[in-house]
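Visitor: To be precise about what I am sending: the file is called input.cif and holds mmCIF, C-alpha atoms and all ligand atoms.
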data_data
loop_
_atom_site.label_atom_id
_atom_site.label_comp_id
_atom_site.auth_asym_id
_atom_site.auth_seq_id
_atom_site.Cartn_x
_atom_site.Cartn_y
_atom_site.Cartn_z
CA MET Q 1 -9.47 -9.26 13.88
CA GLU Q 2 -12.61 -7.24 14.58
CA VAL Q 3 -13.89 -4.80 11.99
CA ASN Q 4 -14.01 -1.16 13.05
CA PRO Q 5 -16.67 0.54 10.88
CA GLU Q 6 -15.50 4.01 11.88
CA LYS Q 7 -11.89 3.40 10.84
CA ARG Q 8 -13.02 1.65 7.67
CA GLU Q 9 -15.15 4.63 6.72
CA LYS Q 10 -12.32 7.05 7.47
CA LEU Q 11 -9.90 5.01 5.40
CA LYS Q 12 -12.37 4.73 2.55
CA ASN Q 13 -12.99 8.47 2.57
CA PHE Q 14 -9.26 9.06 2.65
CA TYR Q 15 -8.84 6.78 -0.37
CA PHE Q 16 -11.38 8.77 -2.36
CA SER Q 17 -9.70 12.02 -1.36
CA ILE Q 18 -6.27 11.00 -2.72
CA LYS Q 19 -6.87 8.39 -5.44
CA ASP Q 20 -6.50 10.92 -8.26
CA CYS Q 21 -3.28 12.38 -6.86
CA ARG Q 22 -0.83 13.75 -9.41
CA LYS Q 23 1.50 15.51 -7.00
CA CYS Q 24 4.51 13.81 -8.57
CA SER Q 25 5.17 12.56 -12.09
CA LEU Q 26 4.32 8.96 -11.13
CA GLY Q 27 0.70 10.02 -11.19
CA ASN Q 28 1.02 10.41 -14.96
CA THR Q 29 2.73 7.08 -15.66
CA ARG Q 30 0.83 4.74 -13.35
CA MET Q 31 -1.93 2.40 -14.50
CA ASN Q 32 -3.57 2.39 -11.09
CA PHE Q 33 -3.16 4.13 -7.77
CA VAL Q 34 -2.36 1.50 -5.11
CA PHE Q 35 -3.78 2.63 -1.80
CA GLY Q 36 -3.03 -0.55 0.16
CA GLY Q 37 -5.43 -3.06 1.59
CA GLY Q 38 -6.39 -5.17 4.55
CA ASN Q 39 -8.00 -4.63 7.89
CA SER Q 40 -8.62 -1.00 8.77
CA ASN Q 41 -8.44 -2.05 12.41
CA ALA Q 42 -5.24 -4.07 12.04
CA ALA Q 43 -2.81 -4.39 14.92
CA ILE Q 44 -0.01 -4.89 12.39
CA VAL Q 45 0.67 -2.75 9.32
CA PHE Q 46 3.25 -3.97 6.79
CA ILE Q 47 4.91 -1.29 4.66
CA GLY Q 48 6.75 -2.04 1.43
CA GLU Q 49 8.43 0.25 -1.07
CA ALA Q 50 6.23 0.94 -4.10
CA PRO Q 51 3.85 -0.90 -6.42
CA GLY Q 52 5.42 -3.18 -9.02
CA LYS Q 53 4.04 -4.17 -12.39
CA ASN Q 54 1.23 -6.42 -11.17
CA GLU Q 55 0.28 -4.10 -8.36
CA ASP Q 56 0.06 -1.27 -10.87
CA LEU Q 57 -2.14 -3.37 -13.16
CA GLN Q 58 -4.46 -4.56 -10.41
CA GLY Q 59 -4.44 -1.56 -8.08
CA LYS Q 60 -3.68 -3.84 -5.15
CA PRO Q 61 -0.57 -4.26 -3.01
CA PHE Q 62 1.67 -7.33 -3.14
CA VAL Q 63 -0.12 -9.37 -5.79
CA GLY Q 64 3.01 -10.67 -7.56
CA GLN Q 65 5.48 -13.35 -6.50
CA ALA Q 66 6.59 -11.28 -3.51
CA GLY Q 67 2.96 -11.17 -2.43
CA LYS Q 68 2.79 -14.95 -2.51
CA ILE Q 69 5.81 -15.12 -0.23
CA LEU Q 70 4.24 -12.57 2.08
CA ASP Q 71 1.01 -14.61 2.16
CA SER Q 72 2.90 -17.79 3.03
CA LEU Q 73 4.86 -15.98 5.76
CA LEU Q 74 1.62 -14.63 7.22
CA GLU Q 75 0.13 -18.10 7.04
CA SER Q 76 3.16 -19.51 8.85
CA ILE Q 77 2.20 -17.48 11.93
CA GLY Q 78 -1.53 -18.09 11.61
CA PHE Q 79 -2.52 -14.85 9.87
CA VAL Q 80 -4.24 -14.01 6.60
CA ARG Q 81 -4.26 -10.71 4.76
CA SER Q 82 -7.55 -9.62 6.25
CA ASP Q 83 -5.88 -9.70 9.69
CA VAL Q 84 -3.29 -7.07 8.75
CA PHE Q 85 -3.00 -3.97 6.56
CA ILE Q 86 -0.45 -3.78 3.74
CA ALA Q 87 0.69 -0.52 2.14
CA ASN Q 88 3.71 1.02 0.43
CA VAL Q 89 5.79 4.17 0.83
CA LEU Q 90 4.72 5.23 -2.68
CA LYS Q 91 1.18 4.76 -4.01
CA CYS Q 92 2.21 4.73 -7.67
CA ARG Q 93 4.65 2.54 -9.57
CA PRO Q 94 7.99 4.06 -10.54
CA PRO Q 95 8.60 3.32 -14.25
CA GLN Q 96 10.58 0.11 -14.83
CA ASN Q 97 10.47 -0.41 -11.05
CA ARG Q 98 13.28 2.07 -10.59
CA ASP Q 99 14.14 3.27 -7.10
CA PRO Q 100 11.81 5.86 -5.61
CA GLU Q 101 13.21 9.35 -5.70
CA ILE Q 102 13.43 11.35 -2.53
CA SER Q 103 11.20 14.05 -3.95
CA GLU Q 104 8.52 11.40 -4.63
CA ILE Q 105 8.80 9.98 -1.13
CA ASN Q 106 8.55 13.42 0.40
CA LEU Q 107 5.42 14.18 -1.63
CA CYS Q 108 3.79 10.83 -0.91
CA LYS Q 109 4.78 9.97 2.65
CA GLY Q 110 2.01 12.06 4.19
CA TYR Q 111 -0.53 9.62 2.74
CA LEU Q 112 1.15 6.69 4.46
CA PHE Q 113 1.37 8.57 7.74
CA LYS Q 114 -2.31 9.44 7.52
CA GLN Q 115 -3.16 5.77 6.94
CA LEU Q 116 -1.12 4.88 10.02
CA GLU Q 117 -2.90 7.58 12.01
CA ILE Q 118 -6.32 6.16 11.05
CA ILE Q 119 -5.45 2.48 11.55
CA ASP Q 120 -3.35 3.19 14.65
CA PRO Q 121 -1.54 -0.17 14.64
CA ALA Q 122 0.40 -1.46 17.64
CA ILE Q 123 3.09 -2.89 15.35
CA ILE Q 124 4.57 -1.46 12.15
CA CYS Q 125 6.58 -3.92 10.13
CA THR Q 126 8.78 -2.15 7.60
CA MET Q 127 9.79 -4.30 4.63
CA GLY Q 128 13.04 -3.30 3.02
CA ARG Q 129 15.19 -0.23 2.91
CA TYR Q 130 12.83 2.59 2.06
CA SER Q 131 10.04 2.04 4.55
CA THR Q 132 12.54 1.21 7.28
CA ARG Q 133 14.52 4.39 6.72
CA LEU Q 134 11.38 6.47 6.52
CA VAL Q 135 9.74 5.13 9.67
CA LEU Q 136 12.85 4.83 11.82
CA GLU Q 137 14.30 8.06 10.47
CA THR Q 138 17.71 6.62 9.83
CA ASP Q 139 20.01 5.92 6.91
CA GLN Q 140 21.23 2.67 8.45
CA GLY Q 141 20.82 -0.35 6.18
CA ILE Q 142 18.09 -2.93 6.58
CA ASN Q 143 20.70 -5.62 7.09
CA THR Q 144 21.89 -3.78 10.19
CA LEU Q 145 18.41 -3.14 11.53
CA ARG Q 146 16.56 -6.39 10.83
CA GLY Q 147 16.44 -8.80 13.72
CA LYS Q 148 15.91 -5.92 16.13
CA VAL Q 149 12.71 -4.51 17.58
CA PHE Q 150 12.23 -0.77 18.07
CA ARG Q 151 9.76 1.42 19.86
CA ILE Q 152 8.41 4.82 18.88
CA GLY Q 153 6.12 5.99 21.65
CA SER Q 154 3.81 3.08 22.39
CA ARG Q 155 4.26 1.64 18.91
CA ILE Q 156 6.59 -1.24 18.05
CA ILE Q 157 8.60 -1.11 14.82
CA ILE Q 158 9.99 -4.34 13.36
CA PRO Q 159 12.19 -3.96 10.26
CA ILE Q 160 12.48 -6.99 7.98
CA ASN Q 161 13.76 -7.71 4.49
CA HIS Q 162 11.36 -7.15 1.64
CA PRO Q 163 9.73 -10.52 0.81
CA ALA Q 164 11.00 -10.24 -2.78
CA ALA Q 165 14.54 -10.52 -1.41
CA ALA Q 166 13.83 -14.23 -0.94
CA LEU Q 167 13.20 -14.57 -4.67
CA TYR Q 168 16.75 -13.54 -5.49
CA THR Q 169 18.59 -14.70 -2.39
CA PRO Q 170 16.91 -17.90 -1.13
CA SER Q 171 18.80 -17.80 2.18
CA ARG Q 172 16.78 -14.70 3.01
CA LEU Q 173 13.64 -16.78 3.24
CA GLN Q 174 14.86 -18.30 6.50
CA LEU Q 175 15.64 -14.81 7.83
CA LEU Q 176 12.11 -13.78 6.92
CA LYS Q 177 10.66 -16.85 8.62
CA ASP Q 178 12.65 -16.00 11.75
CA ASP Q 179 11.44 -12.41 11.57
CA PHE Q 180 7.81 -13.49 11.28
CA ILE Q 181 8.19 -15.67 14.37
CA ARG Q 182 9.54 -12.55 16.12
CA ILE Q 183 6.56 -10.53 14.87
CA LYS Q 184 4.16 -13.16 16.23
CA THR Q 185 5.96 -13.26 19.58
CA VAL Q 186 5.68 -9.49 19.96
CA PHE Q 187 2.05 -9.54 18.78
CA ASP Q 188 1.09 -12.26 21.26
CA LYS Q 189 2.73 -10.47 24.16
CA ILE Q 190 1.15 -7.16 23.26
CA SER Q 191 -2.24 -8.83 22.90
CA GLN Q 192 -1.86 -10.35 26.34
CA ARG Q 193 -0.42 -7.38 28.18
CA GLY Q 194 -1.51 -4.29 26.28
CA LEU Q 195 0.55 -1.77 24.35
CA GLN Q 196 2.64 -0.71 27.30
CA ALA Q 197 4.47 -4.04 27.50
CA SER Q 198 8.17 -3.41 27.97
CA GLY Q 199 10.92 -5.27 26.20
CA LYS Q 200 11.61 -7.20 29.38
CA GLU Q 201 8.03 -8.45 29.51
CA ILE Q 202 8.24 -9.47 25.86
CA SER Q 203 11.59 -11.20 26.38
CA ILE Q 204 12.94 -9.34 23.36
CA ASP Q 205 15.23 -6.34 23.48
CA ILE Q 206 13.20 -3.31 22.44
CA ILE Q 207 15.32 -0.36 21.40
CA PRO Q 208 13.93 3.19 21.65
CA ALA Q 209 14.01 4.41 18.05
CA GLU Q 210 15.64 7.69 19.10
CA ASN Q 211 18.74 5.66 19.98
CA ILE Q 212 19.35 4.74 16.35
CA SER Q 213 22.08 6.82 14.82
CA GLY Q 214 21.96 7.96 11.26
CA GLN Q 215 20.38 10.59 9.13
CA ALA Q 216 16.62 10.79 9.04
CA LEU Q 217 15.16 10.14 5.62
CA LYS Q 218 12.69 12.95 6.08
CA SER Q 219 15.53 15.39 6.66
CA VAL Q 220 16.62 14.88 3.07
CA ASP Q 221 13.82 17.25 2.18
CA LEU Q 222 16.57 19.82 2.18
CA GLN Q 223 19.12 17.74 0.34
CA THR Q 224 17.49 16.60 -2.84
CA ALA Q 225 19.86 18.63 -4.97
CA GLN Q 226 22.89 17.26 -3.19
CA ASP Q 227 21.63 13.71 -3.44
CA SER Q 228 20.51 14.10 -7.04
CA GLY Q 229 17.10 12.93 -5.96
CA LYS Q 230 18.23 9.50 -4.86
CA ILE Q 231 18.53 7.84 -1.52
CA SER Q 232 22.02 6.48 -0.99
CA ALA Q 233 22.09 2.75 -1.46
CA GLY Q 234 25.20 2.40 0.71
CA ASN Q 235 27.33 -0.64 0.05
CA GLU Q 236 24.55 -3.15 0.13
CA LYS Q 237 23.21 -4.67 -3.03
CA LYS Q 238 19.87 -3.33 -4.04
CA GLU Q 239 18.15 -6.71 -4.26
CA GLN Q 240 19.31 -7.54 -0.78
CA GLU Q 241 18.02 -4.27 0.51
CA ASN Q 242 14.61 -3.83 -1.01
CA GLY Q 243 14.12 -7.03 -2.96
CA ARG Q 244 12.60 -5.18 -5.89
CA PRO Q 245 15.31 -4.91 -8.54
CA ALA Q 246 14.70 -3.04 -11.74
CA GLY Q 247 12.81 -5.11 -14.24
CA ALA Q 248 10.98 -7.01 -11.48
CA GLU Q 249 11.58 -10.50 -12.82
CA ALA Q 250 9.14 -11.78 -10.25
CA ASP Q 251 6.33 -9.76 -11.71
CA LYS Q 252 6.89 -11.21 -15.15
CA LYS Q 253 5.88 -14.67 -13.91
CA VAL Q 254 2.38 -13.57 -13.01
CA PRO Q 255 -0.19 -13.04 -15.76
CA ALA Q 256 -1.67 -9.57 -15.91
CA ASP Q 257 -5.12 -9.27 -14.42
CA LEU Q 258 -6.65 -5.90 -15.12
CA LYS Q 259 -8.94 -4.79 -12.34
CA ASN Q 260 -9.84 -1.48 -10.89
CA VAL Q 261 -10.42 -0.67 -7.27
CA GLN Q 262 -13.35 1.65 -7.36
CA GLY Q 263 -16.32 1.30 -5.08
CA GLY Q 264 -16.93 0.27 -1.51
CA SER Q 265 -14.68 -0.95 1.24
CA ARG Q 266 -14.70 -4.57 0.09
CA GLN Q 267 -13.65 -3.62 -3.39
CA LEU Q 268 -10.97 -1.43 -1.89
CA GLY Q 269 -9.70 -4.42 0.04
CA LEU Q 270 -10.73 -2.79 3.32
CA PHE Q 271 -12.22 -4.94 6.04
S1 LIG Q 301 3.35 8.52 -5.93
FE1 LIG Q 301 2.17 9.50 -4.27
S2 LIG Q 301 2.56 11.71 -4.54
FE2 LIG Q 301 3.14 10.71 -6.46
S3 LIG Q 301 1.27 10.84 -7.73
FE3 LIG Q 301 1.25 8.84 -6.67
S4 LIG Q 301 0.02 9.20 -4.83
FE4 LIG Q 301 0.65 11.22 -5.60
#
What is this structure when it is put down as structure tokens?
Guide:
Amino acid sequence: MEVNPEKREKLKNFYFSIKDCRKCSLGNTRMNFVFGGGNSNAAIVFIGEAPGKNEDLQGKPFVGQAGKILDSLLESIGFVRSDVFIANVLKCRPPQNRDPEISEINLCKGYLFKQLEIIDPAIICTMGRYSTRLVLETDQGINTLRGKVFRIGSRIIIPINHPAAALYTPSRLQLLKDDFIRIKTVFDKISQRGLQASGKEISIDIIPAENISGQALKSVDLQTAQDSGKISAGNEKKEQENGRPAGAEADKKVPADLKNVQGGSRQLGLF
């Protein structure tokens, strides 16, 4: 993946403009702000939920056990982290890895959208419930949406389980492997034919995102009181949905490695 100095500079400047954010209470409890990392010119952006314990300690996304699974899935389709960009819906860790609150998502989501605007990826891969609901503007569950490919404008959206789901439900690893093969198929076709490739050309059904029913996550701006600040989990088990259950057992297996992410693009994990 080629480096784009202009995008890298924009992303770096954006990082410095928001890294001290305290718009929500998570800014007071975090160890480190986790901006995200990878290629500022990536064709694929992966979006998770929020930093966990290790991410909070290191200031980097997906550095725990879930990150190892993500790395191996990327490797399985011939990619490394510096080929893609990885970010989260929230930039700061919710205490005890609790679910993000809607008020937090609404305060933080603009940062993610700005990152997407700068990187301008052809493919957005949402990992788990929160990023999928935010990007596709639906309250449908990830288990309903994964396995399908959506389009918003010229951009392709591919919802998958959060990699951590495989830690708790091993059968999900095969689903993730299947999903990564689908991601690679779409990526290859787009690379060959340009962003305007239709579903027919890709040999995969591509569903216009506006055809998804369900309530848009962003519309809950007006419903925080009614929802008591929580996104409905529906009937699906949390670990199956977002793969990041409270307590983050996965994180406990990885020794803490205190690092900060100040400085230039390399130190920020930007390529
Ligand atoms: S979670 Fe987002 S909105 Fe809240 S303090 Fe962190 S960067 Fe700011």
Visitor: Record the distance separating CA of Arg151 in chain Q and CA of Phe46 in chain Q, expressed in Å with one decimal.
Guide: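 Rounded to one decimal, the two atoms are 15.6 Å apart.
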Visitor: Quick one: which chain Q residues come within 12 Å of ligand LIG 301 (chain Q), and what is the nearest atom pair for each with the distance in Å to one decimal, counting all atoms listed in the file, rows ordered by chain and ascending number, as a Markdown table?
Guide:
| residue | atom | partner | partner_atom | distance |
| --- | --- | --- | --- | --- |
| Q:Phe14 | CA | Q:LIG301 | S4 | 11.9 |
| Q:Tyr15 | CA | Q:LIG301 | S4 | 10.2 |
| Q:Phe16 | CA | Q:LIG301 | S4 | 11.7 |
| Q:Ser17 | CA | Q:LIG301 | S4 | 10.7 |
| Q:Ile18 | CA | Q:LIG301 | S4 | 6.9 |
| Q:Lys19 | CA | Q:LIG301 | S4 | 7.0 |
| Q:Asp20 | CA | Q:LIG301 | S4 | 7.6 |
| Q:Cys21 | CA | Q:LIG301 | FE4 | 4.3 |
| Q:Arg22 | CA | Q:LIG301 | S3 | 4.0 |
| Q:Lys23 | CA | Q:LIG301 | FE4 | 4.6 |
| Q:Cys24 | CA | Q:LIG301 | FE2 | 4.0 |
| Q:Ser25 | CA | Q:LIG301 | S3 | 6.1 |
| Q:Leu26 | CA | Q:LIG301 | S3 | 4.9 |
| Q:Gly27 | CA | Q:LIG301 | S3 | 3.6 |
| Q:Asn28 | CA | Q:LIG301 | S3 | 7.2 |
| Q:Thr29 | CA | Q:LIG301 | S3 | 8.9 |
| Q:Arg30 | CA | Q:LIG301 | FE3 | 7.8 |
| Q:Met31 | CA | Q:LIG301 | FE3 | 10.6 |
| Q:Asn32 | CA | Q:LIG301 | FE3 | 9.2 |
| Q:Phe33 | CA | Q:LIG301 | FE3 | 6.5 |
| Q:Val34 | CA | Q:LIG301 | S4 | 8.1 |
| Q:Phe35 | CA | Q:LIG301 | S4 | 8.2 |
| Q:Gly36 | CA | Q:LIG301 | S4 | 11.4 |
| Q:Glu49 | CA | Q:LIG301 | S1 | 10.9 |
| Q:Ala50 | CA | Q:LIG301 | S1 | 8.3 |
| Q:Pro51 | CA | Q:LIG301 | S1 | 9.4 |
| Q:Asp56 | CA | Q:LIG301 | FE3 | 11.0 |
| Q:Gly59 | CA | Q:LIG301 | FE3 | 11.9 |
| Q:Ala87 | CA | Q:LIG301 | S4 | 12.0 |
| Q:Asn88 | CA | Q:LIG301 | FE1 | 9.8 |
| Q:Val89 | CA | Q:LIG301 | FE1 | 8.2 |
| Q:Leu90 | CA | Q:LIG301 | S1 | 4.8 |
| Q:Lys91 | CA | Q:LIG301 | S4 | 4.7 |
| Q:Cys92 | CA | Q:LIG301 | S1 | 4.3 |
| Q:Arg93 | CA | Q:LIG301 | S1 | 7.1 |
| Q:Pro94 | CA | Q:LIG301 | S1 | 7.9 |
| Q:Pro95 | CA | Q:LIG301 | S1 | 11.1 |
| Q:Pro100 | CA | Q:LIG301 | S1 | 8.9 |
| Q:Glu101 | CA | Q:LIG301 | S1 | 9.9 |
| Q:Ile102 | CA | Q:LIG301 | S1 | 11.0 |
| Q:Ser103 | CA | Q:LIG301 | S2 | 9.0 |
| Q:Glu104 | CA | Q:LIG301 | FE2 | 5.7 |
| Q:Ile105 | CA | Q:LIG301 | S2 | 7.3 |
| Q:Asn106 | CA | Q:LIG301 | S2 | 8.0 |
| Q:Leu107 | CA | Q:LIG301 | S2 | 4.8 |
| Q:Cys108 | CA | Q:LIG301 | S2 | 3.9 |
| Q:Lys109 | CA | Q:LIG301 | FE1 | 7.4 |
| Q:Gly110 | CA | Q:LIG301 | S2 | 8.8 |
| Q:Tyr111 | CA | Q:LIG301 | FE1 | 7.5 |
| Q:Leu112 | CA | Q:LIG301 | FE1 | 9.2 |
Visitor: Using all atoms listed in the file, which protein or nucleic acid residues come within 9 Å of Thr132 in chain Q? Drop anything in the same chain fewer than 2 positions from it, and give the result as a PyMOL selection string.
Guide: chain Q and resi 47-48+125-130+134-142+145+157-160
Visitor: Might you pull out every residue within 8 Å of Ile152 in chain Q, with all atoms listed in the file counted and same-chain residues fewer than 3 positions away left off, and present them as a PyMOL selection string?
Guide: chain Q and resi 155-157+208-210
Visitor: Which residues are close to Val45 in chain Q, i.e. within 7 Å by all atoms listed in the file, leaving aside same-chain residues fewer than 6 positions away? Reply as a PyMOL selection string.
Guide: chain Q and resi 84-86+121+123-125
Visitor: Report the distance between CA of Arg182 in chain Q and CA of Phe79 in chain Q in Å, rounded to one decimal place.
Guide: 13.8 Å
Visitor: Would you mind reading off the distance between CA of Lys114 in chain Q and CA of Lys7 in chain Q, one decimal, in Å?
Guide: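 That distance, rounded to one decimal, is 11.8 Å.
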Visitor: Quick one: of Q:Ala43, Q:Gly67, Q:Glu117, Q:Thr169, who's nearest to Ile183 in chain Q, counting only C-alpha atoms?
Guide: Q:Ala43
Visitor: Within 10 Å of Lys177 in chain Q, counting only C-alpha atoms, which residues show up once you throw out same-chain ones fewer than 6 positions away? Write them as a CSV table (one decimal) with C-alpha atoms, keeping the file's coordinate frame, please.
Guide:
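Written out: out_19.csv:
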chain,number,residue,atom,x,y,z
Q,72,SER,CA,2.9,-17.8,3.0
Q,73,LEU,CA,4.9,-16.0,5.8
Q,74,LEU,CA,1.6,-14.6,7.2
Q,76,SER,CA,3.2,-19.5,8.8
Q,77,ILE,CA,2.2,-17.5,11.9
Q,183,ILE,CA,6.6,-10.5,14.9
